[in-house]
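Coordinates as given in start.tsv (TSV, C-alpha atoms):
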```
chain	number	residue	atom	x	y	z
A	63	MET	CA	87.80	86.58	121.40
A	64	SER	CA	87.79	83.66	119.02
A	65	VAL	CA	88.22	83.54	115.26
A	66	ASP	CA	85.39	81.67	113.62
A	67	THR	CA	85.91	80.04	110.27
A	68	PRO	CA	84.36	82.38	107.73
A	69	PRO	CA	81.21	81.13	106.04
A	70	PRO	CA	81.53	79.68	102.55
A	71	SER	CA	81.38	82.32	99.82
A	72	ASP	CA	82.17	82.74	96.18
A	73	HIS	CA	85.70	83.77	97.27
A	74	ALA	CA	86.40	80.64	99.38
A	75	ALA	CA	87.78	78.58	96.50
A	76	ARG	CA	90.74	80.87	96.05
A	77	LEU	CA	92.23	80.14	99.50
A	78	PRO	CA	95.36	77.98	99.54
A	79	ARG	CA	94.57	74.44	100.68
A	80	ARG	CA	97.94	73.11	101.79
A	81	VAL	CA	100.22	75.37	103.79
A	82	ALA	CA	103.83	74.88	104.87
A	83	LEU	CA	105.28	76.84	107.78
A	84	VAL	CA	109.06	77.05	107.97
A	85	GLY	CA	109.72	78.34	111.47
A	86	THR	CA	107.54	77.64	114.51
A	87	GLY	CA	108.31	80.49	116.87
A	88	LEU	CA	105.65	82.87	118.13
A	89	ILE	CA	104.45	84.01	114.69
A	90	GLY	CA	104.77	80.65	112.95
A	91	THR	CA	102.89	78.81	115.69
A	92	SER	CA	100.24	81.51	115.89
A	93	LEU	CA	99.75	81.29	112.13
A	94	GLY	CA	99.39	77.52	112.34
A	95	LEU	CA	96.80	77.79	115.11
A	96	ALA	CA	94.85	80.40	113.17
A	97	LEU	CA	95.04	78.59	109.83
A	98	ARG	CA	93.81	75.32	111.28
A	99	ARG	CA	90.58	77.11	112.24
A	100	VAL	CA	89.90	77.96	108.60
A	101	SER	CA	87.79	75.17	107.13
A	102	GLN	CA	89.20	75.59	103.60
A	103	ILE	CA	92.72	74.79	104.81
A	104	GLU	CA	93.22	71.06	104.41
A	105	ARG	CA	96.68	70.63	105.88
A	106	VAL	CA	99.34	72.64	107.70
A	107	THR	CA	102.82	71.14	107.75
A	108	GLY	CA	105.67	72.68	109.72
A	109	TYR	CA	109.41	72.55	110.08
A	110	ASP	CA	111.85	74.20	112.46
A	111	ALA	CA	115.59	73.72	112.82
A	112	ASP	CA	114.92	73.64	116.57
A	113	ALA	CA	113.33	70.22	117.13
A	114	GLN	CA	111.99	71.21	120.54
A	115	ARG	CA	110.15	74.24	119.19
A	116	LEU	CA	108.74	72.14	116.38
A	117	ALA	CA	107.51	69.55	118.87
A	118	VAL	CA	105.82	72.20	121.03
A	119	ALA	CA	104.06	73.71	118.01
A	120	HIS	CA	102.88	70.26	116.93
A	121	GLU	CA	101.69	69.34	120.42
A	122	ARG	CA	99.77	72.60	120.71
A	123	GLY	CA	97.82	71.81	117.54
A	124	ALA	CA	99.43	74.38	115.25
A	125	LEU	CA	100.43	71.68	112.76
A	126	ASP	CA	98.82	68.65	111.17
A	127	ALA	CA	102.29	67.23	110.63
A	128	ALA	CA	105.90	68.00	111.53
A	129	ALA	CA	108.47	67.57	108.76
A	130	SER	CA	112.11	66.60	109.18
A	131	THR	CA	113.36	69.18	106.66
A	132	ALA	CA	112.13	72.47	105.21
A	133	GLU	CA	112.09	70.89	101.76
A	134	GLU	CA	109.84	68.10	103.01
A	135	ALA	CA	107.43	70.60	104.57
A	136	ALA	CA	107.20	72.62	101.35
A	137	ARG	CA	106.69	69.70	98.99
A	138	GLY	CA	103.24	69.95	97.41
A	139	ALA	CA	102.23	73.09	99.35
A	140	ASP	CA	100.09	75.79	97.75
A	141	LEU	CA	101.53	78.35	100.16
A	142	VAL	CA	104.91	78.35	101.91
A	143	VAL	CA	105.38	80.83	104.76
A	144	LEU	CA	108.93	81.49	105.90
A	145	ALA	CA	108.36	82.44	109.55
A	146	VAL	CA	112.03	83.02	110.26
A	147	PRO	CA	114.10	86.12	111.10
A	148	ALA	CA	114.97	88.43	108.20
A	149	SER	CA	118.60	87.29	108.19
A	150	ALA	CA	117.50	83.68	107.67
A	151	VAL	CA	114.96	84.27	104.89
A	152	GLY	CA	117.44	83.88	102.04
A	153	ARG	CA	118.72	80.53	103.35
A	154	ALA	CA	115.20	79.31	104.09
A	155	ALA	CA	113.99	80.27	100.62
A	156	ALA	CA	116.89	78.42	99.01
A	157	SER	CA	116.16	75.34	101.12
A	158	VAL	CA	112.55	75.06	99.88
A	159	ALA	CA	113.03	76.21	96.28
A	160	SER	CA	113.39	72.78	94.71
A	161	ALA	CA	110.20	71.53	96.39
A	162	LEU	CA	107.95	74.40	95.35
A	163	PRO	CA	105.35	73.36	92.77
A	164	GLU	CA	104.39	75.65	89.91
A	165	GLY	CA	101.69	78.07	91.01
A	166	ALA	CA	102.69	77.99	94.69
A	167	ILE	CA	102.98	81.22	96.71
A	168	LEU	CA	106.16	81.94	98.64
A	169	THR	CA	105.87	84.53	101.41
A	170	ASP	CA	107.50	85.52	104.70
A	171	VAL	CA	106.71	87.38	107.94
A	172	ALA	CA	109.90	89.40	108.42
A	173	SER	CA	109.67	92.97	109.70
A	174	VAL	CA	111.83	94.35	106.87
A	175	LYS	CA	110.98	93.90	103.24
A	176	ARG	CA	113.13	95.43	100.51
A	177	ARG	CA	116.09	93.07	100.76
A	178	VAL	CA	113.94	90.14	101.87
A	179	VAL	CA	111.65	90.36	98.82
A	180	GLU	CA	114.70	90.49	96.56
A	181	GLN	CA	116.02	87.31	98.21
A	182	LEU	CA	112.67	85.56	97.77
A	183	GLN	CA	112.57	86.50	94.10
A	184	ASP	CA	116.13	85.29	93.58
A	185	ALA	CA	115.36	81.91	95.16
A	186	ALA	CA	111.93	81.20	93.69
A	187	PRO	CA	111.87	79.05	90.56
A	188	ALA	CA	109.85	80.08	87.52
A	189	GLY	CA	106.11	79.76	88.06
A	190	VAL	CA	106.27	80.40	91.82
A	191	HIS	CA	104.65	83.61	93.05
A	192	VAL	CA	106.56	85.79	95.53
A	193	ILE	CA	104.65	88.16	97.82
A	194	GLY	CA	106.31	89.61	100.90
A	195	GLY	CA	104.25	89.65	104.09
A	196	HIS	CA	104.46	91.24	107.53
A	197	PRO	CA	101.72	90.74	110.11
A	198	MET	CA	101.81	93.76	112.43
A	199	ALA	CA	101.13	91.58	115.43
A	200	GLY	CA	103.41	90.19	118.05
A	201	SER	CA	104.37	90.16	121.68
A	202	HIS	CA	107.34	90.85	123.89
A	203	GLU	CA	107.12	87.11	124.58
A	204	SER	CA	108.63	84.62	122.15
A	205	GLY	CA	108.45	80.95	121.33
A	206	PRO	CA	105.68	78.52	120.32
A	207	GLU	CA	104.39	78.22	123.88
A	208	HIS	CA	103.11	81.81	123.60
A	209	GLY	CA	101.51	81.38	120.18
A	210	SER	CA	97.82	82.23	119.85
A	211	ALA	CA	95.25	81.95	117.09
A	212	GLU	CA	93.89	85.33	118.23
A	213	LEU	CA	97.18	87.14	117.58
A	214	PHE	CA	96.14	88.44	114.15
A	215	VAL	CA	92.56	89.45	114.92
A	216	GLY	CA	92.12	93.10	113.95
A	217	ALA	CA	95.84	93.47	113.18
A	218	THR	CA	97.12	94.97	109.95
A	219	TYR	CA	98.79	92.40	107.70
A	220	LEU	CA	101.14	94.17	105.31
A	221	LEU	CA	101.55	92.62	101.87
A	222	THR	CA	104.19	93.87	99.44
A	223	PRO	CA	103.24	93.15	95.83
A	224	THR	CA	105.68	94.12	93.09
A	225	THR	CA	105.46	94.53	89.33
A	226	TYR	CA	105.99	90.76	89.08
A	227	THR	CA	103.06	89.82	91.33
A	228	ALA	CA	100.30	87.82	89.63
A	229	PRO	CA	96.87	89.24	90.54
A	230	ALA	CA	95.34	85.83	91.26
A	231	ALA	CA	98.17	84.93	93.67
A	232	TYR	CA	97.84	88.24	95.50
A	233	GLN	CA	94.09	87.72	95.72
A	234	ARG	CA	94.58	84.33	97.40
A	235	LEU	CA	97.04	85.61	99.99
A	236	HIS	CA	94.93	88.70	100.64
A	237	ALA	CA	91.90	86.46	101.26
A	238	LEU	CA	93.86	84.19	103.57
A	239	ALA	CA	95.01	87.13	105.70
A	240	GLY	CA	91.38	88.15	106.05
A	241	ALA	CA	90.35	84.61	106.93
A	242	ILE	CA	92.55	84.63	110.06
A	243	GLY	CA	91.05	87.91	111.22
A	244	ALA	CA	93.72	90.31	109.94
A	245	ARG	CA	93.26	93.39	107.77
A	246	PRO	CA	95.55	93.20	104.72
A	247	LEU	CA	97.17	96.40	103.47
A	248	ALA	CA	99.33	96.66	100.36
A	249	VAL	CA	102.55	98.67	100.40
A	250	HIS	CA	105.67	98.74	98.22
A	251	PRO	CA	108.61	96.83	99.81
A	252	ALA	CA	110.90	99.89	100.08
A	253	ARG	CA	108.16	102.12	101.50
A	254	HIS	CA	107.28	99.36	103.98
A	255	ASP	CA	110.70	99.66	105.61
A	256	LEU	CA	110.33	103.42	106.07
A	257	LEU	CA	106.86	103.08	107.57
A	258	VAL	CA	107.69	100.36	110.08
A	259	ALA	CA	110.78	102.29	111.19
A	260	VAL	CA	108.34	104.90	112.53
A	261	VAL	CA	105.56	102.77	114.01
A	262	SER	CA	107.51	99.70	115.16
A	263	HIS	CA	111.27	100.10	115.27
A	264	LEU	CA	111.47	103.59	116.78
A	265	PRO	CA	108.98	102.71	119.59
A	266	GLN	CA	111.18	99.73	120.49
A	267	LEU	CA	114.31	101.89	120.75
A	268	ALA	CA	112.46	104.66	122.60
A	269	ALA	CA	111.13	102.13	125.14
A	270	THR	CA	114.60	100.62	125.48
A	271	THR	CA	116.15	104.04	126.14
A	272	LEU	CA	113.50	105.03	128.70
A	273	MET	CA	113.84	101.71	130.53
A	274	ASN	CA	117.62	102.01	130.68
A	275	LEU	CA	117.38	105.63	131.87
A	276	ALA	CA	115.03	104.69	134.71
A	277	THR	CA	117.07	101.63	135.69
A	278	GLU	CA	120.33	103.58	135.80
A	279	ARG	CA	118.74	106.45	137.74
A	280	ALA	CA	117.36	103.92	140.23
A	281	GLN	CA	120.84	102.48	140.73
A	282	ARG	CA	122.51	105.91	141.11
A	283	GLU	CA	119.92	108.00	142.89
A	284	HIS	CA	117.11	106.10	144.60
A	285	ALA	CA	116.50	102.37	144.74
A	286	GLY	CA	112.77	102.98	145.12
A	287	LEU	CA	112.41	104.78	141.79
A	288	LEU	CA	111.08	101.77	139.90
A	289	LEU	CA	108.54	101.11	142.65
A	290	LEU	CA	106.84	104.29	141.47
A	291	ALA	CA	106.38	102.94	137.94
A	292	ALA	CA	102.66	103.00	137.24
A	293	GLY	CA	100.54	102.28	134.17
A	294	GLY	CA	101.95	104.95	131.90
A	295	PHE	CA	105.57	103.93	132.42
A	296	ARG	CA	104.74	100.24	132.13
A	297	ASP	CA	102.78	100.78	128.90
A	298	ALA	CA	105.56	102.90	127.42
A	299	THR	CA	108.29	100.34	128.23
A	300	ARG	CA	106.43	97.06	127.66
A	301	VAL	CA	108.27	96.26	124.42
A	302	ALA	CA	111.63	96.84	126.13
A	303	ALA	CA	111.22	93.26	127.37
A	304	SER	CA	111.44	91.95	123.78
A	305	ASP	CA	114.18	89.58	122.65
A	306	PRO	CA	117.45	91.59	122.26
A	307	ASP	CA	118.79	89.25	119.57
A	308	LEU	CA	115.68	89.79	117.45
A	309	TRP	CA	116.03	93.57	117.70
A	310	LEU	CA	119.75	93.56	116.99
A	311	GLU	CA	118.90	91.85	113.72
A	312	ILE	CA	116.02	94.19	112.86
A	313	CYS	CA	118.20	97.23	113.51
A	314	ALA	CA	120.93	95.84	111.27
A	315	GLU	CA	118.49	94.98	108.47
A	316	ASN	CA	116.70	98.36	108.51
A	317	ARG	CA	119.61	100.53	109.65
A	318	GLU	CA	119.20	103.38	107.15
A	319	ALA	CA	115.49	103.92	107.72
A	320	ILE	CA	115.78	103.65	111.51
A	321	THR	CA	118.71	106.08	111.58
A	322	ALA	CA	116.72	108.64	109.58
A	323	VAL	CA	113.73	108.31	111.91
A	324	LEU	CA	115.96	108.58	114.99
A	325	ASP	CA	117.38	111.82	113.61
A	326	ASP	CA	113.87	113.21	113.22
A	327	TYR	CA	112.93	112.02	116.71
A	328	ALA	CA	116.07	113.51	118.25
A	329	GLU	CA	115.28	116.88	116.65
A	330	ARG	CA	111.77	116.79	118.08
A	331	ILE	CA	113.15	115.97	121.54
A	332	ARG	CA	115.57	118.90	121.19
A	333	GLU	CA	112.69	121.23	120.27
A	334	LEU	CA	110.66	119.94	123.21
A	335	ARG	CA	113.59	120.61	125.54
A	336	GLU	CA	113.94	124.14	124.16
A	337	SER	CA	110.25	124.82	124.82
A	338	LEU	CA	110.65	123.68	128.43
A	339	ALA	CA	113.93	125.51	129.01
A	340	HIS	CA	112.52	128.79	127.67
A	341	GLU	CA	109.15	128.35	129.39
A	342	ASP	CA	107.41	128.48	126.02
A	343	SER	CA	104.03	127.16	127.12
A	344	THR	CA	102.44	128.01	123.76
A	345	ALA	CA	104.82	125.74	121.84
A	346	LEU	CA	104.53	123.04	124.49
A	347	ARG	CA	100.73	123.16	124.39
A	348	GLN	CA	100.78	122.85	120.61
A	349	VAL	CA	102.92	119.70	120.82
A	350	LEU	CA	100.73	118.17	123.53
A	351	GLU	CA	97.47	118.98	121.75
A	352	GLN	CA	98.74	117.66	118.44
A	353	ALA	CA	99.73	114.36	120.09
A	354	HIS	CA	96.43	114.23	121.98
A	355	ALA	CA	94.44	114.55	118.75
A	356	GLY	CA	96.67	112.09	116.90
A	357	ARG	CA	96.42	109.45	119.60
A	358	ARG	CA	92.64	109.73	119.81
A	359	GLY	CA	92.45	109.39	116.05
A	360	LEU	CA	94.36	106.11	115.84
A	361	PRO	CA	92.36	103.54	113.84
A	362	SER	CA	90.61	100.97	116.00
A	363	LYS	CA	91.30	97.25	115.74
A	364	GLU	CA	87.62	96.53	116.22
A	365	VAL	CA	85.76	94.99	113.29
A	366	SER	CA	84.07	97.81	111.39
A	367	ARG	CA	80.28	98.01	111.14
A	368	ARG	CA	80.42	100.75	108.52
A	369	PRO	CA	78.80	100.29	105.10
A	370	MET	CA	80.79	98.36	102.52
A	371	VAL	CA	81.52	100.07	99.23
A	372	GLU	CA	82.75	98.33	96.10
A	373	LEU	CA	85.19	100.07	93.79
A	374	VAL	CA	85.40	98.55	90.30
A	375	VAL	CA	88.59	99.44	88.44
A	376	PRO	CA	88.94	98.41	84.77
A	377	ILE	CA	92.55	97.37	84.28
A	378	ALA	CA	94.84	96.29	81.47
A	379	ASP	CA	96.54	92.92	81.70
A	380	ARG	CA	100.06	94.23	82.16
A	381	PRO	CA	102.74	93.71	84.84
A	382	GLY	CA	102.52	95.99	87.84
A	383	THR	CA	98.88	97.05	87.54
A	384	LEU	CA	97.71	95.18	90.63
A	385	SER	CA	100.69	96.42	92.67
A	386	GLU	CA	100.09	100.02	91.58
A	387	VAL	CA	96.38	100.01	92.44
A	388	THR	CA	96.61	98.18	95.77
A	389	THR	CA	99.62	100.10	97.07
A	390	THR	CA	97.95	103.36	96.01
A	391	VAL	CA	94.97	102.48	98.20
A	392	GLY	CA	97.27	101.49	101.06
A	393	ALA	CA	99.19	104.77	100.77
A	394	VAL	CA	96.07	106.77	101.69
A	395	GLY	CA	95.48	104.59	104.76
A	396	VAL	CA	92.61	102.49	103.45
A	397	ASN	CA	92.29	98.73	104.00
A	398	ILE	CA	90.93	96.59	101.19
A	399	GLU	CA	88.55	94.28	103.03
A	400	ASP	CA	88.02	91.95	100.07
A	401	MET	CA	88.93	91.86	96.43
A	402	GLY	CA	88.13	90.03	93.24
A	403	ILE	CA	89.49	89.95	89.70
A	404	GLU	CA	87.39	89.53	86.58
A	405	HIS	CA	89.00	88.74	83.25
A	406	ALA	CA	87.34	89.89	80.04
A	407	ALA	CA	86.41	87.17	77.57
A	408	GLU	CA	88.40	88.80	74.79
A	409	GLY	CA	91.53	88.92	76.95
A	410	GLY	CA	93.95	91.74	77.57
A	411	ARG	CA	91.68	93.56	80.01
A	412	GLY	CA	89.68	92.89	83.12
A	413	ALA	CA	88.30	94.51	86.25
A	414	LEU	CA	89.63	94.72	89.77
A	415	ARG	CA	86.87	94.76	92.41
A	416	LEU	CA	87.84	96.24	95.77
A	417	ALA	CA	85.58	96.16	98.84
A	418	VAL	CA	86.24	99.02	101.25
A	419	SER	CA	84.64	99.63	104.63
A	420	GLY	CA	83.24	103.14	105.06
A	421	THR	CA	81.99	105.75	102.59
A	422	GLU	CA	84.69	108.28	103.46
A	423	GLU	CA	87.43	105.67	103.08
A	424	ALA	CA	85.97	104.54	99.75
A	425	HIS	CA	86.00	108.11	98.45
A	426	ARG	CA	89.61	108.54	99.57
A	427	ALA	CA	90.61	105.33	97.79
A	428	ARG	CA	88.60	106.24	94.68
A	429	ASP	CA	90.23	109.67	94.43
A	430	ALA	CA	93.72	108.22	94.86
A	431	ILE	CA	93.15	105.59	92.16
A	432	THR	CA	91.60	108.13	89.81
A	433	ALA	CA	94.62	110.38	90.29
A	434	ARG	CA	96.72	107.53	88.90
A	435	GLY	CA	94.74	107.68	85.65
A	436	TYR	CA	92.33	104.80	86.26
A	437	GLU	CA	88.57	104.86	85.85
A	438	VAL	CA	86.68	103.87	89.03
A	439	VAL	CA	83.04	102.84	89.36
A	440	GLU	CA	81.66	102.99	92.91
A	441	ARG	CA	78.64	101.22	94.36
A	442	ARG	CA	77.29	100.33	97.81
A	443	LEU	CA	77.22	96.65	98.76
```
Could you take the file, read its structure, and then write that structure out as structure tokens?
Amino acid sequence: MSVDTPPPSDHAARLPRRVALVGTGLIGTSLGLALRRVSQIERVTGYDADAQRLAVAHERGALDAAASTAEEAARGADLVVLAVPASAVGRAAASVASALPEGAILTDVASVKRRVVEQLQDAAPAGVHVIGGHPMAGSHESGPEHGSAELFVGATYLLTPTTYTAPAAYQRLHALAGAIGARPLAVHPARHDLLVAVVSHLPQLAATTLMNLATERAQREHAGLLLLAAGGFRDATRVAASDPDLWLEICAENREAITAVLDDYAERIRELRESLAHEDSTALRQVLEQAHAGRRGLPSKEVSRRPMVELVVPIADRPGTLSEVTTTVGAVGVNIEDMGIEHAAEGGRGALRLAVSGTEEAHRARDAITARGYEVVERRL
């Protein structure tokens, strides 16, 4: 499946024109490949401390130019993406800070957010907009040679606005995520870390544990055990092949949230064991049926063909309004497909226009926003 450049629209002008990528691993290279398909992007410049990785990304067409330093890559960019591990974000942000022009957006792709966003805010000079980012896309493979422009198609792209986030800057990054085929979703930085502990970090550790259990049993009991591994086992353990160094870092960065989720998971495993040990088929059936229904109800990555609904939210021009509205919508599981901001001529107030796919989803978003004390006007597009 290919990502076509979106047709020109009245929103196209807000896309960043010049992008700098600091880090050209799997995600950085994939971003470069995807961004260079977007006609409004004029130039993508990249830098990586690993000269070989940088060369591969450049040769594969992910970059228009390769810079010799991070500062050089960032100079004059409208958007700087730090595609480096969470532990390196602070250093990377400091290395580009002096080159960031006023009005530029500084973002990242790390899988943890609370501490990372704080580091970005500390490093960014006045006039530079900080918005944390986390594309929920990846592979157990790593490196620029595995990068793909298709990586983000249909994937959720988490954005973490704060009370300091300028609406126009958020609008531009939101639009860019959509332009590469992703579905942007706003979430508060601290809540982000709790959510990804469940849907990303726990699955990695569960797959790791299952793989180690099977490997050790094969060594102790029967060498042919792993020959029996069919689709279910392979699907459940696929991410166990991921880079151990990457996951050591993620576990360290999000230790508290992962530990809490592991405790919950361990309790559920204990309850499952008790149901089996006591031949409680009723309890076991309930667990299996609940999981069956939950799995079948997972949102699809396919592009929605449902009707588009616009929600118009009059807002005051005060810090935190955009963050409150967008994260409120994200908290009820609704993607904002597109958004616009209108400023009133007299100043001080404006309107936030949110496009949502699906009538039911629009009603859920409307009710959540209304519960926050905002007025919402709804209309079909």
Legend entry - Distance criterion (only C-alpha atoms): nearest to Ala159 of chain A out of A:Arg105, A:Arg253, A:Arg137, A:Arg279: A:Arg137
Legend entry - Surrounding residues of segment 209-218 of chain A excluding itself and chain neighbours under 4 positions, 6 Å, all atoms listed in the file, as number ranges by chain: A: 88, 91-92, 95-96, 198, 243-246, 363
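Closest approach to Gly240 of chain A among A:Met401, A:Ala117, A:Ile193, A:Leu264 is made by A:Met401 (distances from only C-alpha atoms).
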How close does segment 180-229 of chain A get to segment 294-310 of chain A? List, as JSON lines, each residue of segment 180-229 of chain A within 8 Å, its nearest atom pair and the distance in Å to one decimal, counting all atoms listed in the file.
```
{"residue": "A:Ser201", "atom": "CA", "partner": "A:Ser304", "partner_atom": "CA", "distance": 7.6}
{"residue": "A:His202", "atom": "CA", "partner": "A:Ser304", "partner_atom": "CA", "distance": 4.2}
{"residue": "A:Glu203", "atom": "CA", "partner": "A:Ser304", "partner_atom": "CA", "distance": 6.5}
{"residue": "A:Ser204", "atom": "CA", "partner": "A:Asp305", "partner_atom": "CA", "distance": 7.5}
```
Inset, instruction - Determine the nearest neighbour of Leu220 of chain A from the options A:His120, A:Arg415, A:His196, A:Arg234, counting only C-alpha atoms. - result: A:His196
Once 4 Å is added on each side, what centre and edge lengths in Å to one decimal does the axis-aligned box around all listed atoms of segment 282-294 of chain A have, as JSON?
```
{"center_x": 111.5, "center_y": 104.6, "center_z": 138.5, "size_x": 30.0, "size_y": 14.9, "size_z": 21.2}
```
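The space separating atom CA of Glu121 of chain A from atom CA of Leu83 of chain A comes to 15.1 Å.
Atom to atom, atom CA of Ala291 of chain A and atom CA of Cys313 of chain A stand 27.7 Å apart.
One distance worth recording is that between atom CA of His236 of chain A and atom CA of Glu104 of chain A, which is 18.1 Å.
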Legend entry - Glu386 of chain A surroundings by all atoms listed in the file, 9 Å radius, close-in-sequence under 5 positions cut, as a PyMOL selection string: chain A and resi 223-225+250+391+431+434
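Minimum atom-to-atom distance to Val143 of chain A, evaluated using only C-alpha atoms, belongs to A:Gly85 out of A:Gly85, A:Gly392, A:Pro187, A:Gly435.
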Legend entry - Residue contacts of Ile377 of chain A (7 Å, all atoms listed in the file) excluding same-chain residues fewer than 3 positions away, as a ChimeraX atom specification: /A:411-414
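Nearest to Tyr327 of chain A of all the residues A:Leu346, A:Ala132, A:Val260, A:Leu289 is A:Val260, counting all atoms listed in the file.
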